[in-house]
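Data file: protein-v9.txt. Format and content: compact mmCIF, C-alpha atoms and all ligand atoms.
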# COMPACT_ATOMS: atom_id res chain seq x y z
CA MET A 1 115.70 144.71 130.91
CA GLN A 2 119.14 144.01 132.40
CA GLY A 3 117.51 143.35 135.74
CA PHE A 4 115.87 140.33 134.23
CA ALA A 5 119.10 138.33 133.87
CA ARG A 6 118.54 134.81 135.13
CA LYS A 7 120.70 133.61 138.00
CA LEU A 8 121.53 130.09 139.06
CA SER A 9 122.31 129.13 142.62
CA GLU A 10 124.43 126.01 142.56
CA ARG A 11 124.54 123.79 145.59
CA SER A 12 128.01 122.67 146.46
CA SER A 13 128.42 118.94 146.80
CA GLN A 14 131.08 119.63 149.43
CA GLY A 15 128.98 121.64 151.82
CA PRO A 16 125.51 122.56 152.96
CA ALA A 17 123.55 124.61 150.49
CA LEU A 18 122.69 128.11 151.56
CA GLY A 19 119.40 129.66 150.61
CA SER A 20 119.43 133.34 151.26
CA GLY A 21 123.17 133.68 151.34
CA CYS A 22 124.98 135.70 153.97
CA SER A 23 127.95 137.92 154.29
CA LYS A 24 131.36 136.33 154.82
CA SER A 25 131.93 138.18 158.05
CA PHE A 26 128.71 136.68 159.37
CA LEU A 27 129.63 133.12 158.57
CA PRO A 28 130.57 130.84 161.44
CA SER A 29 133.02 128.12 160.48
CA PRO A 30 130.60 125.37 159.29
CA TRP A 31 129.21 127.82 156.75
CA ARG A 32 132.51 128.59 155.10
CA LYS A 33 132.07 125.40 153.10
CA VAL A 34 129.06 126.92 151.40
CA ARG A 35 129.53 128.14 147.90
CA VAL A 36 126.81 130.23 146.36
CA HIS A 37 127.64 130.47 142.70
CA ARG A 38 125.55 132.90 140.71
CA VAL A 39 125.83 132.98 136.97
CA PRO A 40 123.95 135.28 134.63
CA VAL A 41 122.86 132.82 131.96
CA GLN A 42 121.22 134.81 129.21
CA SER A 43 119.35 137.99 128.54
CA VAL A 44 115.64 137.50 128.40
CA ALA A 45 115.03 137.74 124.71
CA ALA A 46 111.36 136.92 124.89
CA ALA A 47 110.66 139.69 127.35
CA SER A 48 112.77 142.26 125.50
CA ALA A 49 111.01 141.42 122.28
CA SER A 50 107.65 141.82 123.95
CA ASN A 51 108.75 145.15 125.40
CA PRO A 52 106.88 145.30 128.70
CA GLU A 53 105.15 148.62 129.36
CA LYS A 54 105.96 148.69 133.08
CA GLN A 55 108.19 146.64 135.34
CA VAL A 56 108.51 145.96 139.04
CA LYS A 57 111.01 143.96 141.10
CA LEU A 58 109.70 142.45 144.32
CA PHE A 59 111.00 140.33 147.16
CA SER A 60 108.96 137.15 147.57
CA PRO A 61 109.16 136.12 151.24
CA SER A 62 108.48 132.80 152.96
CA LYS A 63 106.93 131.96 156.35
CA VAL A 64 107.26 129.86 159.45
CA ASN A 65 104.50 128.46 161.66
CA LEU A 66 105.36 129.32 165.27
CA PHE A 67 102.66 126.84 166.24
CA LEU A 68 100.32 124.73 164.16
CA ARG A 69 97.33 122.89 165.59
CA VAL A 70 95.16 120.71 163.35
CA VAL A 71 91.62 121.23 164.59
CA ARG A 72 89.69 118.69 162.50
CA ARG A 73 89.63 116.67 159.29
CA ARG A 74 87.05 118.10 156.87
CA GLU A 75 84.70 116.41 154.43
CA ASP A 76 86.45 118.07 151.48
CA GLY A 77 89.76 116.38 152.33
CA TYR A 78 91.29 119.49 153.89
CA HIS A 79 91.95 120.11 157.57
CA ASP A 80 90.89 123.06 159.69
CA LEU A 81 93.94 124.59 161.30
CA ALA A 82 94.73 127.12 164.01
CA SER A 83 98.22 128.40 163.43
CA LEU A 84 100.42 131.37 164.24
CA PHE A 85 102.23 132.25 161.01
CA HIS A 86 105.07 134.72 160.69
CA VAL A 87 106.54 135.98 157.43
CA ILE A 88 110.36 135.71 157.27
CA ASP A 89 113.10 137.23 155.16
CA LEU A 90 114.26 134.06 153.42
CA GLY A 91 112.85 134.78 149.99
CA ASP A 92 113.06 134.71 146.23
CA ASP A 93 113.64 137.65 143.91
CA MET A 94 110.92 138.26 141.35
CA ASP A 95 110.83 140.56 138.31
CA PHE A 96 107.51 141.35 136.66
CA GLY A 97 106.73 143.13 133.40
CA LEU A 98 103.32 144.11 132.07
CA LEU A 99 103.20 142.92 128.47
CA PRO A 100 101.61 145.14 125.81
CA GLU A 101 97.90 144.92 125.10
CA GLY A 102 97.16 142.19 122.59
CA VAL A 103 99.74 139.76 124.05
CA THR A 104 97.73 136.75 125.21
CA SER A 105 100.28 134.49 126.87
CA GLU A 106 102.48 134.64 129.95
CA THR A 107 106.26 134.20 130.07
CA LEU A 108 107.57 132.64 133.27
CA GLU A 109 111.28 131.97 133.70
CA CYS A 110 112.77 130.33 136.77
CA SER A 111 116.38 129.93 137.93
CA ASP A 112 115.58 126.43 139.25
CA PRO A 113 115.09 124.00 136.35
CA THR A 114 113.20 121.56 138.61
CA VAL A 115 110.38 124.08 139.09
CA PRO A 116 107.65 123.65 136.41
CA THR A 117 106.87 126.90 134.58
CA ASP A 118 103.55 125.74 133.13
CA ASP A 119 99.97 126.22 134.39
CA SER A 120 100.74 124.09 137.47
CA ASN A 121 103.01 126.85 138.80
CA LEU A 122 101.28 128.99 141.45
CA VAL A 123 102.60 132.13 139.71
CA ILE A 124 100.58 131.31 136.58
CA LYS A 125 97.60 130.25 138.72
CA ALA A 126 97.79 133.63 140.48
CA LEU A 127 97.80 135.54 137.18
CA ASN A 128 94.87 133.48 135.83
CA LEU A 129 93.01 134.20 139.08
CA PHE A 130 93.79 137.92 138.87
CA ARG A 131 92.42 138.13 135.30
CA GLU A 132 89.31 136.14 136.24
CA LYS A 133 88.53 138.26 139.30
CA THR A 134 89.30 141.70 137.84
CA GLY A 135 88.13 141.02 134.27
CA ILE A 136 91.35 142.73 133.08
CA ASN A 137 92.76 140.63 130.28
CA ARG A 138 96.45 141.57 130.50
CA PHE A 139 99.47 139.24 130.53
CA PHE A 140 102.83 139.43 132.26
CA TYR A 141 106.47 138.52 132.04
CA VAL A 142 107.81 136.95 135.27
CA ASN A 143 111.36 136.00 136.22
CA LEU A 144 111.70 134.00 139.42
CA ASP A 145 115.11 133.70 141.07
CA LYS A 146 114.47 130.84 143.47
CA LYS A 147 116.21 130.59 146.83
CA VAL A 148 113.54 129.12 149.11
CA PRO A 149 113.69 125.30 148.98
CA HIS A 150 110.50 123.43 148.14
CA GLY A 151 108.95 120.63 150.20
CA ALA A 152 110.22 122.68 153.13
CA GLY A 153 107.09 123.91 154.96
CA LEU A 154 108.28 127.46 154.28
CA GLY A 155 105.49 128.39 151.86
CA GLY A 156 107.93 129.52 149.17
CA GLY A 157 105.51 128.80 146.29
CA SER A 158 102.67 130.44 148.22
CA GLY A 159 104.85 133.51 148.75
CA ASN A 160 105.49 133.59 144.99
CA ALA A 161 101.73 133.49 144.31
CA ALA A 162 101.01 136.28 146.81
CA THR A 163 103.85 138.41 145.42
CA THR A 164 102.51 137.85 141.90
CA LEU A 165 99.01 139.03 142.87
CA TRP A 166 100.54 142.11 144.50
CA ALA A 167 102.72 142.83 141.42
CA ALA A 168 99.89 142.41 138.90
CA ASN A 169 97.74 144.76 140.96
CA GLU A 170 100.57 147.34 141.16
CA LEU A 171 101.33 147.17 137.44
CA LEU A 172 97.67 147.75 136.61
CA GLY A 173 97.21 150.73 138.96
CA ARG A 174 95.73 148.89 141.96
CA PRO A 175 92.30 147.86 140.66
CA ALA A 176 91.91 145.56 143.71
CA THR A 177 92.18 146.22 147.44
CA THR A 178 94.58 144.20 149.61
CA LYS A 179 91.53 142.66 151.29
CA GLN A 180 90.28 141.43 147.90
CA LEU A 181 93.70 139.96 147.03
CA LEU A 182 93.65 138.16 150.39
CA GLU A 183 90.15 136.78 149.80
CA TRP A 184 90.83 135.72 146.20
CA SER A 185 94.10 134.00 147.06
CA GLY A 186 92.28 131.31 149.09
CA ASP A 187 90.93 129.94 145.77
CA ILE A 188 94.37 128.72 144.66
CA GLY A 189 96.03 127.64 147.93
CA SER A 190 95.65 127.53 151.69
CA ASP A 191 98.66 129.51 152.86
CA ILE A 192 98.87 132.32 150.31
CA SER A 193 96.44 134.61 152.16
CA VAL A 194 98.75 135.00 155.16
CA PHE A 195 101.16 137.08 153.05
CA PHE A 196 98.44 139.77 152.78
CA SER A 197 98.53 140.19 156.56
CA HIS A 198 101.14 142.56 157.94
CA GLY A 199 103.48 139.64 158.66
CA ALA A 200 102.28 138.06 161.90
CA ALA A 201 98.91 136.35 161.66
CA TYR A 202 96.72 133.86 163.45
CA CYS A 203 95.21 131.76 160.68
CA THR A 204 92.24 129.41 160.82
CA GLY A 205 90.01 127.51 158.36
CA ARG A 206 92.29 125.81 155.79
CA GLY A 207 94.75 128.58 156.69
CA GLU A 208 93.02 131.18 154.53
CA ILE A 209 91.18 132.99 157.34
CA VAL A 210 93.73 135.56 158.44
CA GLU A 211 93.77 137.69 161.57
CA ASP A 212 96.61 140.16 162.00
CA VAL A 213 98.31 139.91 165.39
CA THR A 214 101.13 141.81 167.06
CA PRO A 215 104.44 140.03 166.32
CA PRO A 216 105.00 137.78 169.35
CA LEU A 217 108.77 138.30 169.24
CA PRO A 218 111.08 141.22 168.49
CA LEU A 219 111.90 141.30 164.76
CA THR A 220 115.58 141.22 165.72
CA THR A 221 115.21 137.68 167.14
CA PRO A 222 117.72 135.43 165.34
CA LEU A 223 116.31 132.40 163.50
CA LEU A 224 118.07 129.42 162.00
CA LEU A 225 116.46 127.25 159.30
CA VAL A 226 117.79 123.73 158.73
CA LYS A 227 116.36 121.45 156.05
CA PRO A 228 117.50 117.99 154.98
CA PRO A 229 117.76 117.40 151.22
CA LEU A 230 114.56 115.33 151.29
CA GLY A 231 111.47 117.50 151.18
CA LEU A 232 108.03 116.39 152.37
CA SER A 233 104.78 116.43 150.39
CA THR A 234 102.05 118.41 152.18
CA PRO A 235 99.15 116.12 151.12
CA THR A 236 101.11 113.02 152.25
CA ILE A 237 101.86 114.55 155.63
CA PHE A 238 98.25 115.59 156.24
CA LYS A 239 97.07 112.11 155.14
CA SER A 240 99.41 110.35 157.57
CA LEU A 241 98.39 112.52 160.53
CA ASP A 242 97.00 110.34 163.33
CA LEU A 243 94.37 112.61 164.89
CA ALA A 244 94.59 110.70 168.18
CA ARG A 245 98.21 111.76 168.59
CA ARG A 246 97.63 115.50 168.26
CA SER A 247 98.43 118.01 170.96
CA GLN A 248 95.57 118.87 173.30
CA ARG A 249 96.67 122.52 173.69
CA ASP A 250 94.04 125.16 173.10
CA PRO A 251 95.21 127.31 170.15
CA GLN A 252 93.90 130.57 171.65
CA GLU A 253 95.82 129.81 174.84
CA LEU A 254 98.93 129.01 172.79
CA LEU A 255 98.60 132.38 171.08
CA ALA A 256 98.25 134.26 174.38
CA SER A 257 101.03 132.28 176.09
CA MET A 258 103.42 132.65 173.18
CA THR A 259 102.93 136.41 173.09
CA GLU A 260 103.58 136.54 176.83
CA ALA A 261 106.60 134.20 176.66
CA GLY A 262 108.03 136.10 173.69
CA ARG A 263 108.76 139.01 176.02
CA THR A 264 111.04 136.92 178.21
CA GLY A 265 113.20 135.23 175.59
CA ALA A 266 113.23 132.44 173.02
CA GLN A 267 113.70 129.51 175.36
CA ALA A 268 110.44 130.27 177.16
CA LEU A 269 108.65 129.75 173.81
CA GLN A 270 109.57 126.08 173.46
CA GLU A 271 106.55 124.62 175.22
CA PHE A 272 104.21 126.62 172.98
CA CYS A 273 105.90 125.79 169.65
CA VAL A 274 103.53 122.89 169.05
CA ASN A 275 103.21 121.47 165.54
CA ASP A 276 100.71 118.63 165.07
CA LEU A 277 102.34 117.80 161.74
CA GLU A 278 105.64 116.81 163.40
CA GLN A 279 104.23 113.34 164.18
CA PRO A 280 103.42 112.42 160.54
CA ALA A 281 106.57 114.15 159.27
CA PHE A 282 108.78 112.25 161.74
CA ASP A 283 106.98 108.97 160.92
CA ASN A 284 107.74 109.58 157.23
CA LEU A 285 111.27 110.82 157.81
CA PRO A 286 112.66 109.50 161.14
CA GLN A 287 115.99 111.31 160.55
CA LEU A 288 114.07 114.57 160.90
CA ALA A 289 113.17 113.78 164.53
CA GLU A 290 116.87 113.09 165.16
CA LEU A 291 117.87 116.34 163.49
CA LYS A 292 115.40 118.30 165.62
CA ALA A 293 116.70 116.61 168.80
CA GLN A 294 120.32 117.30 167.85
CA ILE A 295 119.66 120.97 167.15
CA GLY A 296 117.59 121.27 170.34
CA ASP A 297 120.40 119.74 172.42
CA ALA A 298 123.01 121.99 170.85
CA LEU A 299 120.98 125.22 171.03
CA GLU A 300 119.69 124.95 174.56
CA SER A 301 118.55 128.53 174.81
CA SER A 302 116.54 128.38 171.58
CA ALA A 303 113.07 127.05 170.82
CA VAL A 304 113.35 124.32 168.16
CA PHE A 305 110.42 122.99 166.10
CA MET A 306 109.32 121.98 162.59
CA THR A 307 107.51 124.52 160.39
CA GLY A 308 104.36 123.71 158.36
CA SER A 309 104.38 120.18 156.95
CA GLY A 310 108.20 120.10 157.02
CA SER A 311 110.89 119.27 156.38
CA THR A 312 112.49 122.48 157.75
CA ILE A 313 113.48 122.63 161.41
CA VAL A 314 113.46 126.16 162.85
CA ALA A 315 115.50 127.39 165.81
CA VAL A 316 114.29 130.63 167.37
CA GLY A 317 116.92 132.37 169.46
CA SER A 318 120.12 131.63 167.54
CA ASP A 319 121.23 131.91 163.92
CA THR A 320 124.61 130.26 164.42
CA PRO A 321 124.63 126.70 163.12
CA PRO A 322 125.79 124.38 165.91
CA ALA A 323 129.10 122.59 165.35
CA CYS A 324 127.33 119.21 165.05
CA LEU A 325 125.84 120.34 161.72
CA SER A 326 129.31 120.51 160.17
CA GLU A 327 129.74 116.73 160.58
CA PRO A 328 130.04 114.81 157.28
CA GLN A 329 126.57 113.22 157.50
CA HIS A 330 125.07 116.74 157.43
CA LYS A 331 126.93 118.00 154.38
CA GLU A 332 123.77 118.14 152.24
CA LEU A 333 121.72 120.20 154.68
CA PHE A 334 120.22 123.50 153.61
CA ILE A 335 121.11 125.94 156.41
CA SER A 336 120.12 129.58 156.48
CA PRO A 337 119.83 132.36 159.04
CA ALA A 338 116.59 134.33 158.91
CA ARG A 339 114.62 137.13 160.55
CA LEU A 340 110.92 137.72 161.12
CA ILE A 341 109.63 140.53 158.88
CA THR A 342 106.49 142.63 158.62
CA ARG A 343 105.19 145.00 155.96
CA LYS A 344 103.65 148.44 156.15
CA SER A 345 100.12 149.01 154.82
CA GLY A 346 100.22 149.71 151.08
CA GLU A 347 103.75 148.31 150.73
CA TRP A 348 105.10 144.87 149.96
CA TYR A 349 107.66 142.99 152.09
CA LYS A 350 111.30 143.96 151.85
CA PRO A 351 114.20 141.76 152.92
CA SER A 352 115.68 142.59 156.32
CA GLY A 353 118.85 143.75 154.53
CA MET A 354 121.00 141.66 156.87
CA TRP A 355 122.33 139.25 154.26
CA SER A 356 124.54 140.26 151.38
CA SER A 357 122.59 138.36 148.69
CA ASN A 358 119.47 140.49 149.00
CA PRO A 359 120.40 143.93 150.27
CA GLN A 360 117.69 146.57 149.85
O1 LIG A 401 95.84 124.38 149.73
P1 LIG A 401 97.12 123.76 149.32
O2 LIG A 401 97.20 123.52 147.84
O3 LIG A 401 98.32 124.46 149.83
O4 LIG A 401 97.13 122.34 150.01
C1 LIG A 401 97.88 121.26 149.55
C2 LIG A 401 97.35 119.99 150.16
O5 LIG A 401 97.63 119.96 151.56
C3 LIG A 401 95.85 119.82 150.05
O6 LIG A 401 95.50 119.20 148.85
C4 LIG A 401 95.53 118.95 151.24
O7 LIG A 401 95.83 117.60 150.95
C5 LIG A 401 96.54 119.41 152.28
N1 LIG A 401 95.98 120.41 153.19
C6 LIG A 401 95.06 120.05 154.16
N2 LIG A 401 94.56 120.98 154.99
C7 LIG A 401 94.96 122.26 154.93
C8 LIG A 401 95.91 122.66 153.97
C9 LIG A 401 96.39 121.72 153.11
O8 LIG A 401 94.70 118.87 154.24
N3 LIG A 401 94.47 123.14 155.78

Could you render the structure as structure tokens?
Amino acid sequence: MQGFARKLSERSSQGPALGSGCSKSFLPSPWRKVRVHRVPVQSVAAASASNPEKQVKLFSPSKVNLFLRVVRRREDGYHDLASLFHVIDLGDDMDFGLLPEGVTSETLECSDPTVPTDDSNLVIKALNLFREKTGINRFFYVNLDKKVPHGAGLGGGSGNAATTLWAANELLGRPATTKQLLEWSGDIGSDISVFFSHGAAYCTGRGEIVEDVTPPLPLTTPLLLVKPPLGLSTPTIFKSLDLARRSQRDPQELLASMTEAGRTGAQALQEFCVNDLEQPAFDNLPQLAELKAQIGDALESSAVFMTGSGSTIVAVGSDTPPACLSEPQHKELFISPARLITRKSGEWYKPSGMWSSNPQ
């Protein structure tokens, strides 16, 4: 059970916090202020005592929306979307253990004390869903080493839920198909299903209708993620969307144009990186519009846009933080390089292996 040691990532008050970590040689100067401090806190007594029968360690990825169009407001309070999602290698580390038969409660531990570990956590919701759908009444130990910020539009919690469904299915000998996991996952959240694609997917409905597409960009394309300390609440952002101010771009055309533009370089993507949720996010957090403009001005050859309901700004085409982000007013920013990732059929996502904190 040594692998289950809990780790804490401490954000430095002197510098921007770094999510996925990166090797020293990689770090441009603004990043040298970052301190990622990891401390093994305690052995997991509860799990050891329960003696899990089988264990698995999985990488829990996040996502970006390369474009996001809101198609309509629905009667049930949700919105129909048309969005090009791509899974990325900023992710959490998760350890799972299958607890012995007869154990009737879950153990969830998380490195981030602000994350609730009760039934409201998507990991527990995923395990409840898995039991309900398969009729297999087994319980699990889960340790979640959190690196993806929340309120970020990166789908970190959704990635945790998808990874949990995959792990439970693995530990029980694959009673469900990947297609079933994808279909079931829509019951507990809108952007969990995309993780059961192969990594690049055009999603419609609430986000749960998933169509695999060819990655529109080479997986080697550098990405930079920049998030202010304030996160944004997805329901609030959707509620404050003014439908009259949406883009008029046809999502199918965006998909085709982006795939075409992706062949010629990141800058050509900019006009297709439409996100209808930027308007409500910028209305709620005007500094975010300024941050996007600053990054866009500094990284002229990159496409710069907000992902999901924010508050992360993504630059496609560069992973070097521009010098302006090392100014004192930006010291609390979360800044991380990232890469697009895909998975092979029958396998779960693995980190790109580019950053020292999650080599695999
Ligand atoms: O499905 P999920 O729990 O991720 O959604 C969180 C909230 O975001 C919903 O309660 C809803 O307010 C909003 N939402 C939406 N339309 C979507 C997805 C989410 O209005 N397609």

List the neighbours of Ala82 of chain A out to 8 Å using all atoms listed in the file; skip same-chain residues closer than 6 positions along the sequence, and give me the result as a list in words.
-> Leu68, Arg69, Val70, Val71, Tyr202, Cys203, Thr204, Gly205, Gly207 and Pro251 of chain A

Among listed residues A:Leu241, A:Leu165, A:Val123, A:Val148, nearest ligand LIG 401 (chain A) (using all atoms listed in the file) = A:Leu241

Pairwise distance for atom CA of Pro175 of chain A and atom CA of Leu129 of chain A, rounded to one decimal in Å |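 Calculated distance between atom CA of Pro175 of chain A and atom CA of Leu129 of chain A is 13.8 Å.
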
Find the residues around Asp92 of chain A up to 10 Å (all atoms listed in the file counted), leave out those fewer than 6 positions away in its own chain, and share them as a ChimeraX atom specification.
-> /A:19-20,58-62,144-149,156-157,159-160,163,351,358

Return as JSON, numbers by chain every polymer residue, whether protein, DNA or RNA, with at least one atom no more than 9 Å from an atom of ligand LIG 401 (chain A); count all atoms listed in the file.
-> {"A": [70, 73, 74, 76, 77, 78, 79, 80, 81, 155, 158, 186, 187, 188, 189, 190, 191, 192, 204, 205, 206, 207, 208, 233, 234, 235, 236, 237, 238, 239, 309]}

Residues at most 6 Å from segment 341-350 of chain A, counting all atoms listed in the file, excluding those fewer than 6 positions away in the same chain, as a compact mmCIF listing (two decimals) with C-alpha atoms, in the coordinates of the input?
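The result, stored in out22.txt:
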# COMPACT_ATOMS: atom_id res chain seq x y z
CA PHE A 59 111.00 140.33 147.16
CA VAL A 87 106.54 135.98 157.43
CA ILE A 88 110.36 135.71 157.27
CA HIS A 198 101.14 142.56 157.94
CA GLY A 199 103.48 139.64 158.66

Within 7 Å of Gly153 of chain A using all atoms listed in the file, minus same-chain residues under 3 positions, as a count of residues only = 6

Have a look at A:Ser302, A:Thr178, A:Gln252, A:Gln287 and name the one nearest to Leu269 of chain A; count all atoms listed in the file.
->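 The answer is A:Ser302, which sits nearest to Leu269 of chain A.
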
Fewer than 6 positions away in the same chain doesn't count, so skip those; otherwise give me all residues within 10 Å of Arg245 of chain A, counting all atoms listed in the file, as a list of chain:residue names.
-> A:Asp276, A:Gln279, A:Pro280

Take the residues that were just selected and, keeping C-alpha atoms, output them as a JSON list (two decimals), in the coordinates of the input.
[["chain", "number", "residue", "atom", "x", "y", "z"],
["A", 276, "ASP", "CA", 100.71, 118.63, 165.07],
["A", 279, "GLN", "CA", 104.23, 113.34, 164.18],
["A", 280, "PRO", "CA", 103.42, 112.42, 160.54]]

Between atom CA of Asn51 of chain A and atom CA of Gly173 of chain A, what is the spacing in Å?
-> 18.7 Å

Could you state the separation of atom CA of Asp297 of chain A and atom CA of Phe272 of chain A in Å, given to one decimal place?
->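 Going from atom CA of Asp297 of chain A over to atom CA of Phe272 of chain A, I get 17.6 Å.
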